[in-house]
>>> print(open('coords-v2.cif').read())   # mmCIF, C-alpha atoms
data_coords
#
loop_
_atom_site.label_atom_id
_atom_site.label_comp_id
_atom_site.auth_asym_id
_atom_site.auth_seq_id
_atom_site.Cartn_x
_atom_site.Cartn_y
_atom_site.Cartn_z
CA MET A 1 155.20 86.53 6.79
CA LYS A 2 153.88 82.98 6.31
CA ASN A 3 154.57 80.30 8.91
CA THR A 4 156.95 78.40 6.61
CA ASP A 5 158.78 81.63 5.80
CA THR A 6 159.32 82.52 9.46
CA LEU A 7 160.51 78.98 10.20
CA GLN A 8 163.04 79.28 7.38
CA HIS A 9 164.05 82.76 8.58
CA HIS A 10 165.04 81.28 11.95
CA GLN A 11 166.73 78.19 10.53
CA GLN A 12 169.90 78.99 12.51
CA LEU A 13 167.91 77.96 15.59
CA LEU A 14 166.80 74.59 14.18
CA ALA A 15 169.89 72.95 15.70
CA TYR A 16 168.73 74.17 19.11
CA GLY A 17 165.28 72.61 18.81
CA TRP A 18 163.29 75.32 17.00
CA ASN A 19 160.49 73.69 15.02
CA THR A 20 156.96 74.23 13.67
CA ASP A 21 155.40 73.93 17.14
CA TRP A 22 157.58 76.69 18.56
CA ASN A 23 157.00 78.76 15.44
CA ASN A 24 153.23 78.44 15.97
CA LYS A 25 153.60 79.52 19.61
CA MET A 26 155.57 82.56 18.46
CA GLU A 27 152.88 83.44 15.92
CA GLN A 28 150.31 83.44 18.74
CA MET A 29 152.25 86.02 20.76
CA PRO A 30 151.08 89.66 20.88
CA ALA A 31 152.03 91.78 17.87
CA SER A 32 154.66 93.66 19.89
CA ALA A 33 156.45 90.38 20.75
CA ARG A 34 156.39 89.18 17.16
CA GLN A 35 158.58 92.15 16.21
CA LEU A 36 161.36 90.60 18.33
CA VAL A 37 163.47 87.51 17.58
CA PRO A 38 163.20 84.08 19.21
CA ALA A 39 166.17 82.78 21.17
CA ARG A 40 166.88 79.82 23.44
CA VAL A 41 168.39 80.16 26.90
CA ILE A 42 171.55 78.01 26.91
CA ALA A 43 173.07 79.09 30.24
CA GLN A 44 171.83 80.78 33.38
CA HIS A 45 173.91 82.84 35.81
CA SER A 46 172.89 84.80 38.90
CA HIS A 47 171.90 88.00 37.06
CA SER A 48 172.24 87.21 33.37
CA TYR A 49 171.73 84.57 30.68
CA GLN A 50 173.47 83.25 27.60
CA ILE A 51 170.99 82.90 24.75
CA MET A 52 171.29 81.49 21.24
CA THR A 53 169.75 83.94 18.76
CA PRO A 54 169.41 83.70 14.96
CA GLY A 55 172.57 85.83 14.83
CA GLY A 56 174.61 83.77 17.30
CA GLU A 57 175.23 83.66 21.04
CA HIS A 58 174.38 86.74 23.13
CA THR A 59 174.53 87.74 26.77
CA ALA A 60 171.07 88.80 27.93
CA THR A 61 169.08 90.24 30.83
CA VAL A 62 165.33 90.67 31.27
CA THR A 63 163.72 94.09 30.90
CA GLY A 64 162.76 96.10 33.97
CA LYS A 65 159.09 95.59 33.12
CA TYR A 66 159.60 91.82 32.90
CA GLU A 67 161.29 91.77 36.32
CA PHE A 68 158.56 93.93 37.87
CA ASN A 69 155.76 91.65 36.60
CA ALA A 70 157.45 88.37 37.67
CA ALA A 71 155.65 87.10 40.78
CA LEU A 72 157.63 83.85 41.26
CA LYS A 73 161.12 82.68 40.38
CA SER A 74 159.56 80.35 37.82
CA ASP A 75 158.26 83.38 35.92
CA PHE A 76 161.84 84.19 34.96
CA PRO A 77 163.54 82.41 32.02
CA ALA A 78 165.41 79.20 32.77
CA VAL A 79 167.83 77.07 30.77
CA GLY A 80 165.96 75.45 27.89
CA ASP A 81 163.36 78.21 27.66
CA TRP A 82 162.47 79.94 24.38
CA VAL A 83 162.24 83.71 24.74
CA MET A 84 161.54 86.72 22.56
CA ALA A 85 164.51 89.07 22.65
CA GLU A 86 165.67 92.43 21.31
CA LYS A 87 169.25 92.81 20.10
CA LEU A 88 171.07 95.90 21.33
CA PRO A 89 172.51 97.84 18.34
CA GLY A 90 176.15 97.10 17.61
CA GLU A 91 176.50 94.66 20.51
CA THR A 92 176.34 90.93 21.21
CA ARG A 93 173.86 91.66 23.98
CA SER A 94 170.09 91.37 24.04
CA VAL A 95 167.21 92.10 26.37
CA ILE A 96 164.48 89.53 26.99
CA HIS A 97 160.89 90.81 26.74
CA ASN A 98 158.76 87.65 26.66
CA LEU A 99 158.77 83.96 27.53
CA LEU A 100 157.15 81.45 25.17
CA PRO A 101 154.79 78.97 26.92
CA ARG A 102 156.78 76.00 28.21
CA GLN A 103 156.29 72.50 26.85
CA SER A 104 157.73 70.97 30.03
CA ALA A 105 159.57 72.16 33.15
CA MET A 106 161.14 70.47 36.14
CA ILE A 107 160.34 72.66 39.13
CA ARG A 108 161.45 72.31 42.73
CA LYS A 109 160.85 74.34 45.88
CA ALA A 110 163.50 77.04 46.25
CA ALA A 111 165.97 76.55 49.10
CA GLY A 112 165.14 78.14 52.44
CA SER A 113 161.93 78.79 54.33
CA THR A 114 160.38 81.06 51.68
CA VAL A 115 157.52 79.59 49.69
CA ASP A 116 158.85 80.03 46.18
CA ASP A 117 159.76 77.79 43.27
CA GLN A 118 162.78 77.28 41.04
CA VAL A 119 162.94 75.89 37.51
CA VAL A 120 165.68 73.28 37.18
CA GLY A 121 165.23 73.03 33.40
CA ALA A 122 162.62 73.78 30.75
CA ASN A 123 161.38 72.25 27.50
CA MET A 124 163.04 68.87 27.92
CA ASP A 125 161.88 65.82 25.96
CA TYR A 126 163.58 63.39 28.35
CA LEU A 127 164.76 63.66 31.93
CA PHE A 128 167.70 61.40 32.75
CA ILE A 129 167.56 60.74 36.52
CA THR A 130 170.94 59.44 37.64
CA ASN A 131 171.96 57.43 40.69
CA ALA A 132 175.35 55.83 41.25
CA LEU A 133 175.73 52.19 42.23
CA ASN A 134 177.86 52.92 45.30
CA GLN A 135 177.03 53.86 48.91
CA ASP A 136 174.89 56.74 47.66
CA PHE A 137 172.33 54.43 45.98
CA ASN A 138 168.93 55.32 47.42
CA VAL A 139 165.59 54.13 46.05
CA ARG A 140 163.57 56.51 48.26
CA LYS A 141 165.50 59.51 46.97
CA MET A 142 164.90 58.37 43.40
CA GLU A 143 161.16 58.19 44.09
CA ARG A 144 161.24 61.93 44.88
CA TYR A 145 163.02 62.66 41.61
CA LEU A 146 160.41 60.60 39.76
CA ILE A 147 157.60 62.68 41.27
CA ALA A 148 159.24 65.86 39.98
CA ALA A 149 159.95 64.19 36.63
CA TRP A 150 156.36 63.06 36.04
CA GLU A 151 155.10 66.48 37.11
CA SER A 152 157.47 68.17 34.62
CA GLY A 153 155.83 66.80 31.49
CA ALA A 154 159.09 65.26 30.24
CA SER A 155 159.59 61.50 29.92
CA PRO A 156 161.68 60.14 32.83
CA VAL A 157 164.53 57.69 32.22
CA ILE A 158 166.59 56.22 35.07
CA LEU A 159 170.33 55.77 34.60
CA LEU A 160 172.17 53.71 37.19
CA THR A 161 175.74 54.96 36.73
CA LYS A 162 179.08 53.50 37.77
CA ALA A 163 177.76 49.98 37.18
CA ASP A 164 181.39 48.79 37.07
CA LEU A 165 181.68 49.48 40.84
CA CYS A 166 178.91 47.03 41.69
CA ASP A 167 179.13 43.23 42.01
CA ASP A 168 175.47 42.63 41.16
CA PRO A 169 174.13 45.65 39.20
CA GLU A 170 171.10 43.69 37.93
CA ALA A 171 169.81 43.32 41.51
CA PHE A 172 169.90 47.11 41.96
CA ALA A 173 168.18 47.58 38.60
CA ALA A 174 165.41 45.21 39.72
CA GLN A 175 164.92 47.27 42.91
CA MET A 176 164.66 50.41 40.86
CA GLU A 177 162.24 48.90 38.34
CA SER A 178 159.85 47.86 41.13
CA ALA A 179 159.92 51.42 42.50
CA ALA A 180 159.48 53.05 39.10
CA PRO A 181 156.50 51.51 37.26
CA GLY A 182 156.65 52.18 33.54
CA VAL A 183 160.03 53.96 33.63
CA PRO A 184 163.00 52.61 31.60
CA VAL A 185 166.00 51.70 33.80
CA HIS A 186 169.47 51.45 32.23
CA LEU A 187 172.77 50.24 33.72
CA ILE A 188 175.73 52.22 32.41
CA SER A 189 179.40 52.85 33.06
CA ALA A 190 180.98 55.81 31.29
CA LEU A 191 184.49 54.85 32.39
CA GLN A 192 184.10 51.31 31.04
CA ASN A 193 182.09 52.48 27.99
CA GLN A 194 179.19 50.20 28.88
CA GLY A 195 175.54 50.74 28.01
CA LYS A 196 175.70 53.62 25.53
CA GLU A 197 173.82 51.61 22.92
CA GLN A 198 170.78 51.56 25.27
CA LEU A 199 170.68 55.37 25.18
CA LEU A 200 170.77 55.80 21.40
CA PRO A 201 166.95 55.94 20.99
CA TYR A 202 166.93 59.10 23.15
CA LEU A 203 169.92 60.75 21.49
CA GLN A 204 168.20 62.25 18.48
CA PRO A 205 168.89 65.58 16.69
CA GLY A 206 166.78 68.43 18.06
CA LYS A 207 165.73 66.47 21.18
CA THR A 208 166.51 67.99 24.58
CA ILE A 209 167.64 65.85 27.51
CA ALA A 210 168.13 67.18 31.06
CA VAL A 211 170.43 65.24 33.37
CA THR A 212 169.68 65.48 37.08
CA GLY A 213 170.66 63.73 40.30
CA SER A 214 172.78 64.12 43.41
CA SER A 215 176.38 65.32 43.40
CA GLY A 216 178.88 62.58 42.63
CA VAL A 217 176.63 60.33 40.53
CA GLY A 218 178.72 61.09 37.44
CA LYS A 219 176.56 63.60 35.54
CA SER A 220 179.51 65.53 34.11
CA THR A 221 181.35 62.31 33.24
CA LEU A 222 178.16 61.07 31.57
CA LEU A 223 177.93 64.27 29.51
CA ASN A 224 181.54 63.96 28.35
CA TRP A 225 180.89 60.31 27.46
CA LEU A 226 177.80 61.14 25.41
CA ALA A 227 179.67 63.96 23.63
CA ASP A 228 182.83 61.88 23.06
CA ASP A 229 184.70 64.96 24.30
CA ASN A 230 185.81 66.57 27.56
CA ILE A 231 183.33 69.45 27.56
CA MET A 232 182.82 69.37 31.35
CA GLU A 233 185.27 69.32 34.26
CA THR A 234 184.95 66.30 36.53
CA GLN A 235 185.91 65.67 40.14
CA GLY A 236 186.21 62.58 42.27
CA ILE A 237 183.96 61.64 45.16
CA ARG A 238 184.80 61.67 48.87
CA GLU A 239 186.00 58.19 49.72
CA ASN A 240 184.49 58.11 53.23
CA ASP A 241 180.84 58.44 52.15
CA ALA A 242 180.84 58.31 48.33
CA ARG A 243 179.32 61.79 48.23
CA GLY A 244 180.26 63.99 45.31
CA ARG A 245 181.76 67.42 45.06
CA HIS A 246 179.88 70.05 43.05
CA THR A 247 181.39 70.10 39.57
CA THR A 248 178.57 71.93 37.80
CA THR A 249 177.89 75.33 39.37
CA HIS A 250 175.26 76.60 36.93
CA ARG A 251 172.78 75.19 34.46
CA GLU A 252 173.88 74.94 30.85
CA LEU A 253 172.61 73.47 27.57
CA PHE A 254 175.14 71.71 25.31
CA LEU A 255 174.75 70.81 21.64
CA LEU A 256 176.31 67.38 21.09
CA PRO A 257 178.01 66.50 17.78
CA ASN A 258 175.07 64.28 16.77
CA GLY A 259 172.58 67.16 17.23
CA THR A 260 171.16 66.16 20.63
CA LEU A 261 170.83 68.91 23.23
CA VAL A 262 171.88 67.92 26.75
CA MET A 263 171.28 70.05 29.83
CA ASP A 264 173.60 69.66 32.79
CA THR A 265 172.38 70.82 36.19
CA PRO A 266 174.15 71.28 39.56
CA GLY A 267 173.90 68.28 41.88
CA MET A 268 171.25 68.46 44.61
CA ARG A 269 171.75 67.28 48.18
CA GLU A 270 167.98 67.25 48.61
CA LEU A 271 165.12 67.72 46.18
CA GLN A 272 162.33 69.77 47.75
CA LEU A 273 159.13 69.16 45.80
CA TRP A 274 156.76 71.87 44.54
CA ASP A 275 153.06 71.52 43.65
CA ALA A 276 153.47 67.94 42.46
CA GLN A 277 150.22 66.11 43.26
CA ASP A 278 149.87 64.73 39.73
CA GLY A 279 153.52 63.65 39.80
CA LEU A 280 152.96 61.88 43.13
CA GLU A 281 150.06 59.90 41.70
CA GLN A 282 152.06 58.96 38.59
CA ALA A 283 155.24 58.01 40.49
CA PHE A 284 153.22 55.86 42.91
CA SER A 285 150.74 54.60 40.32
CA ASP A 286 150.99 51.07 41.77
CA ILE A 287 149.76 52.29 45.18
CA GLU A 288 147.06 54.44 43.53
CA ALA A 289 145.85 51.37 41.58
CA LEU A 290 145.73 49.28 44.77
CA ALA A 291 143.92 52.06 46.65
CA ALA A 292 141.16 51.97 44.03
CA LYS A 293 140.47 48.36 45.12
CA CYS A 294 140.10 49.16 48.84
CA ARG A 295 136.71 48.41 50.39
CA TYR A 296 136.23 52.02 51.50
CA ARG A 297 136.79 55.02 49.25
CA ASP A 298 138.28 57.06 52.12
CA CYS A 299 140.62 54.25 53.22
CA ARG A 300 143.74 55.63 54.96
CA HIS A 301 145.73 52.43 54.37
CA GLU A 302 146.58 52.15 58.08
CA SER A 303 144.25 49.69 59.77
CA ASP A 304 141.05 49.85 57.71
CA PRO A 305 139.37 46.50 56.95
CA GLY A 306 139.47 45.46 53.32
CA CYS A 307 142.52 47.61 52.55
CA ALA A 308 144.10 46.36 49.30
CA VAL A 309 147.29 48.34 49.97
CA LEU A 310 147.94 46.69 53.35
CA GLN A 311 147.08 43.31 51.81
CA ALA A 312 149.75 43.88 49.15
CA ILE A 313 152.32 44.54 51.89
CA GLU A 314 151.27 41.32 53.62
CA ASP A 315 151.56 39.42 50.34
CA GLY A 316 155.01 40.89 49.73
CA THR A 317 153.98 42.52 46.44
CA LEU A 318 154.42 46.04 47.90
CA GLU A 319 157.33 47.23 50.02
CA ALA A 320 156.34 48.80 53.35
CA LYS A 321 159.06 51.46 52.95
CA ARG A 322 157.51 52.50 49.64
CA LEU A 323 154.13 53.05 51.28
CA HIS A 324 155.83 55.02 54.08
CA ASN A 325 157.54 57.29 51.53
CA TYR A 326 154.23 57.75 49.70
CA ARG A 327 152.47 58.83 52.91
CA LYS A 328 155.34 61.09 53.96
CA THR A 329 155.52 62.82 50.57
CA ALA A 330 151.73 63.23 50.35
CA LYS A 331 151.77 64.92 53.78
CA GLU A 332 154.65 67.17 52.68
CA LEU A 333 152.82 68.29 49.53
CA SER A 334 149.61 68.88 51.49
CA HIS A 335 151.49 71.07 53.99
CA LEU A 336 153.11 73.04 51.17
CA ALA A 337 149.72 73.55 49.46
CA ARG A 338 148.20 74.90 52.71
CA LYS A 339 151.16 77.25 53.11
CA GLU A 340 150.78 78.49 49.52
CA ASN A 341 147.03 79.06 50.00
CA SER A 342 147.64 80.98 53.21
CA LEU A 343 150.20 83.25 51.56
CA ALA A 344 147.93 83.76 48.53
CA LYS A 345 145.04 84.82 50.80
CA LYS A 346 147.31 87.26 52.68
CA ALA A 347 148.57 88.73 49.40
CA LYS A 348 145.00 89.07 48.09
CA LYS A 349 143.88 90.73 51.32
CA ALA A 350 146.86 93.13 51.25
CA ALA A 351 146.16 93.97 47.59
CA GLY A 352 142.48 94.63 48.37
CA SER A 353 143.37 96.84 51.34
CA SER A 354 145.86 98.79 49.23
CA SER A 355 143.26 99.21 46.47
CA ARG A 356 140.63 100.52 48.92
CA LYS A 357 143.11 102.99 50.41
CA SER A 358 144.03 104.21 46.94
CA GLU A 359 140.35 104.60 46.05
CA ARG A 360 139.68 106.66 49.20
CA ARG A 361 142.67 108.89 48.49
CA THR A 362 141.56 109.41 44.88
CA LYS A 363 138.06 110.39 46.02
CA ALA A 364 139.61 112.83 48.49
CA GLY A 365 141.72 114.33 45.71
CA ALA A 366 145.04 113.13 47.16
CA TRP A 367 146.01 111.39 43.89
CA ASP A 368 144.16 113.60 41.44
CA TYR A 369 146.86 115.32 39.40
CA ASP A 370 144.67 116.51 36.48
#
>>> encode(input="coords-v2.cif", output="structure tokens")
Amino acid sequence: MKNTDTLQHHQQLLAYGWNTDWNNKMEQMPASARQLVPARVIAQHSHSYQIMTPGGEHTATVTGKYEFNAALKSDFPAVGDWVMAEKLPGETRSVIHNLLPRQSAMIRKAAGSTVDDQVVGANMDYLFITNALNQDFNVRKMERYLIAAWESGASPVILLTKADLCDDPEAFAAQMESAAPGVPVHLISALQNQGKEQLLPYLQPGKTIAVTGSSGVGKSTLLNWLADDNIMETQGIRENDARGRHTTTHRELFLLPNGTLVMDTPGMRELQLWDAQDGLEQAFSDIEALAAKCRYRDCRHESDPGCAVLQAIEDGTLEAKRLHNYRKTAKELSHLARKENSLAKKAKKAAGSSSRKSERRTKAGAWDYD
């Protein structure tokens, strides 16, 4: 079947972002996968998914083989992913056999002490990072989100919500702009219907937007506002500390009336980063640019003579807290990388030991069943 024919065959998926690029990726899959149908993951639960197939919405699980071969949590499908699925005869259920290569993915470290990752959302064009203009406003926290956003491959956009609660929202926007070089910053208020016109360039048919941020910043209210409909439940914030209650309990992809796809994600108390060195350099590109001007290439930006970074702090063109957060995050990522390498070496050693034992047993006839 020609490329244009297969694209037409799956036209029911065009509303969910299927296009020539995805069709080409499908055509490059193994022959066995091409016998299946493409589908997009629109909701993720603990042990199952909701997927949009050419024949409509199905409940789905991965095959046993898929689960066995998945080494990390990120190997499993996530909301926004395109998968190759097999419909079960006579049912609105499917099984997922393959995952199409991701265009973008926001990944964080999974909760707990285990070294594993978790995909917050996949195949987004834009990542709306939200922060409310109340007591929960925190530039340093937003810097962490920007690292993950730049690492994801999606284009970050900062939304400062609840602008109606703030006496001087422009001052907060200026703070955010200085901490987010090259990232658009928009002041909005869903309750007062302010700022929607600034978001129209992103709200295009077939484009996917993920909305992320802490609990209580108004993500669900924002989604309802963009959809001009109450498609999400909303809750108030705790008055004593302006912290939000969890409204969204799972990740889900919504198709808005204008054709834009918006992904809502549960609020995060803390964003633990994962393998985000490139994102760190992009989010702190101002510090990286200054560091390139230091007298010494291995300058630690602490007390070295001719340090352009420290000079910028003295001049007032760089905030000392921003440099502190940069150092702290770089150390955190370095520690995580060492931990990953250590675990990888242990796994490789264990695999090699197991292989040698198996080889010895085979030579001794212990596993020779022929």
>>> residues_near_point(input="coords-v2.cif", point="(164.7, 85.1, 18.4)", cutoff="8 Å", atoms="all atoms listed in the file", output="list of chain:residue names")
A:His10, A:Leu36, A:Val37, A:Pro38, A:Ala39, A:Arg40, A:Thr53, A:Pro54, A:Val83, A:Met84, A:Ala85, A:Glu86
>>> closest_residue(input="coords-v2.cif", among="A:Gly153, A:Gly121, A:Gly279, A:Pro181", to="A:Thr212", atoms="only C-alpha atoms")
A:Gly121
>>> atom_distance(input="coords-v2.cif", atom1="atom CA of A:Asp21", atom2="atom CA of A:Leu203")
20.1 Å
>>> atom_distance(input="coords-v2.cif", atom1="atom CA of A:Glu27", atom2="atom CA of A:Leu99")
13.0 Å
>>> resolve_selection(input="coords-v2.cif", expression="the PyMOL selection byres ((chain A and resi 140) around 9)", output="ChimeraX atom specification")
/A:138-139,141-144,179,321-322,325
>>> resolve_selection(input="coords-v2.cif", expression="the PyMOL selection byres ((chain A and resi 184) around 7)", output="PDB file with C-alpha atoms, in the frame of the given file")
ATOM      1  CA  VAL A 157     164.530  57.690  32.220  1.00  0.00           C
ATOM      2  CA  ILE A 158     166.590  56.220  35.070  1.00  0.00           C
ATOM      3  CA  GLY A 182     156.650  52.180  33.540  1.00  0.00           C
ATOM      4  CA  VAL A 183     160.030  53.960  33.630  1.00  0.00           C
ATOM      5  CA  VAL A 185     166.000  51.700  33.800  1.00  0.00           C
ATOM      6  CA  HIS A 186     169.470  51.450  32.230  1.00  0.00           C
TER       7      HIS A 186
END
>>> residues_around(input="coords-v2.cif", residues="stretch 56-72 of chain A", least_positions_apart="3", cutoff="10 Å", atoms="all atoms listed in the file", output="PyMOL selection string")
chain A and resi 12-13+39-44+47-53+75-77+85-88+91-99+115-118
>>> resolve_selection(input="coords-v2.cif", expression="the PyMOL selection byres ((chain A and resi 208) around 7)", output="ChimeraX atom specification")
/A:124-126,206-207,209-210,260-262
>>> residues_around(input="coords-v2.cif", residues="A:Asp275", least_positions_apart="4", cutoff="8 Å", atoms="only C-alpha atoms", output="MDAnalysis selection string")
chainID A and resid 333 336:337
>>> atom_distance(input="coords-v2.cif", atom1="atom CA of A:Leu159", atom2="atom CA of A:Leu226")
13.0 Å
>>> closest_residue(input="coords-v2.cif", among="A:Val309, A:Thr20, A:Leu160, A:Phe254", to="A:Gln175", atoms="only C-alpha atoms")
A:Leu160
>>> residues_around(input="coords-v2.cif", residues="stretch 147-152 of chain A", least_positions_apart="3", cutoff="6 Å", atoms="all atoms listed in the file", output="compact mmCIF listing (two decimals) with C-alpha atoms, in the frame of the given file")
# COMPACT_ATOMS: atom_id res chain seq x y z
CA SER A 104 157.73 70.97 30.03
CA ALA A 105 159.57 72.16 33.15
CA MET A 106 161.14 70.47 36.14
CA ARG A 144 161.24 61.93 44.88
CA PRO A 156 161.68 60.14 32.83
CA ALA A 276 153.47 67.94 42.46
CA GLY A 279 153.52 63.65 39.80
CA LEU A 280 152.96 61.88 43.13
CA ALA A 283 155.24 58.01 40.49
>>> decode(input="coords-v2.cif", residues="stretch 151-178 of chain A", atoms="N, CA and C atoms", output="short mmCIF file (atom, residue, chain, number, x, y, z; two decimals), in the first residue's frame")
data_model
loop_
_atom_site.label_atom_id
_atom_site.label_comp_id
_atom_site.auth_asym_id
_atom_site.auth_seq_id
_atom_site.Cartn_x
_atom_site.Cartn_y
_atom_site.Cartn_z
N GLU A 151 14.89 19.46 27.75
CA GLU A 151 15.38 18.10 27.51
C GLU A 151 14.35 17.29 26.73
N SER A 152 13.06 17.63 26.87
CA SER A 152 11.98 16.84 26.26
C SER A 152 11.96 16.91 24.74
N GLY A 153 12.42 18.02 24.18
CA GLY A 153 12.32 18.20 22.73
C GLY A 153 11.11 19.01 22.32
N ALA A 154 10.21 19.29 23.27
CA ALA A 154 9.06 20.16 22.99
C ALA A 154 9.47 21.62 23.24
N SER A 155 8.66 22.55 22.73
CA SER A 155 8.96 23.97 22.93
C SER A 155 8.29 24.46 24.22
N PRO A 156 9.08 24.94 25.20
CA PRO A 156 8.47 25.39 26.46
C PRO A 156 7.80 26.75 26.33
N VAL A 157 6.69 26.90 27.05
CA VAL A 157 5.97 28.17 27.13
C VAL A 157 5.55 28.33 28.59
N ILE A 158 5.84 29.48 29.18
CA ILE A 158 5.50 29.70 30.59
C ILE A 158 4.19 30.47 30.70
N LEU A 159 3.27 29.92 31.49
CA LEU A 159 2.00 30.59 31.76
C LEU A 159 1.94 30.95 33.23
N LEU A 160 1.87 32.23 33.52
CA LEU A 160 1.69 32.69 34.90
C LEU A 160 0.20 32.88 35.11
N THR A 161 -0.40 31.91 35.82
CA THR A 161 -1.86 31.88 35.99
C THR A 161 -2.30 32.70 37.19
N LYS A 162 -3.62 32.90 37.26
CA LYS A 162 -4.24 33.65 38.36
C LYS A 162 -3.67 35.06 38.47
N ALA A 163 -3.44 35.67 37.30
CA ALA A 163 -2.86 37.02 37.27
C ALA A 163 -3.77 38.04 37.96
N ASP A 164 -5.07 37.72 38.08
CA ASP A 164 -6.02 38.62 38.73
C ASP A 164 -5.79 38.71 40.24
N LEU A 165 -5.03 37.75 40.81
CA LEU A 165 -4.78 37.75 42.26
C LEU A 165 -3.55 38.57 42.63
N CYS A 166 -2.90 39.15 41.64
CA CYS A 166 -1.62 39.81 41.87
C CYS A 166 -1.73 41.31 41.56
N ASP A 167 -1.15 42.14 42.45
CA ASP A 167 -1.20 43.59 42.27
C ASP A 167 -0.29 44.06 41.14
N ASP A 168 0.84 43.40 40.97
CA ASP A 168 1.81 43.82 39.95
C ASP A 168 2.28 42.61 39.16
N PRO A 169 1.42 42.01 38.32
CA PRO A 169 1.80 40.79 37.59
C PRO A 169 2.99 40.99 36.65
N GLU A 170 3.14 42.22 36.09
CA GLU A 170 4.24 42.47 35.16
C GLU A 170 5.60 42.31 35.84
N ALA A 171 5.68 42.63 37.13
CA ALA A 171 6.95 42.48 37.86
C ALA A 171 7.33 41.00 37.97
N PHE A 172 6.32 40.15 38.21
CA PHE A 172 6.58 38.71 38.28
C PHE A 172 6.97 38.15 36.91
N ALA A 173 6.32 38.68 35.87
CA ALA A 173 6.65 38.24 34.51
C ALA A 173 8.09 38.60 34.17
N ALA A 174 8.54 39.78 34.61
CA ALA A 174 9.91 40.22 34.36
C ALA A 174 10.91 39.29 35.06
N GLN A 175 10.57 38.88 36.30
CA GLN A 175 11.43 37.93 37.03
C GLN A 175 11.56 36.62 36.25
N MET A 176 10.43 36.17 35.74
CA MET A 176 10.40 34.90 35.04
C MET A 176 11.15 34.99 33.72
N GLU A 177 11.03 36.10 33.03
CA GLU A 177 11.71 36.28 31.75
C GLU A 177 13.23 36.26 31.93
N SER A 178 13.72 36.86 33.02
CA SER A 178 15.16 36.88 33.26
C SER A 178 15.68 35.50 33.61
#
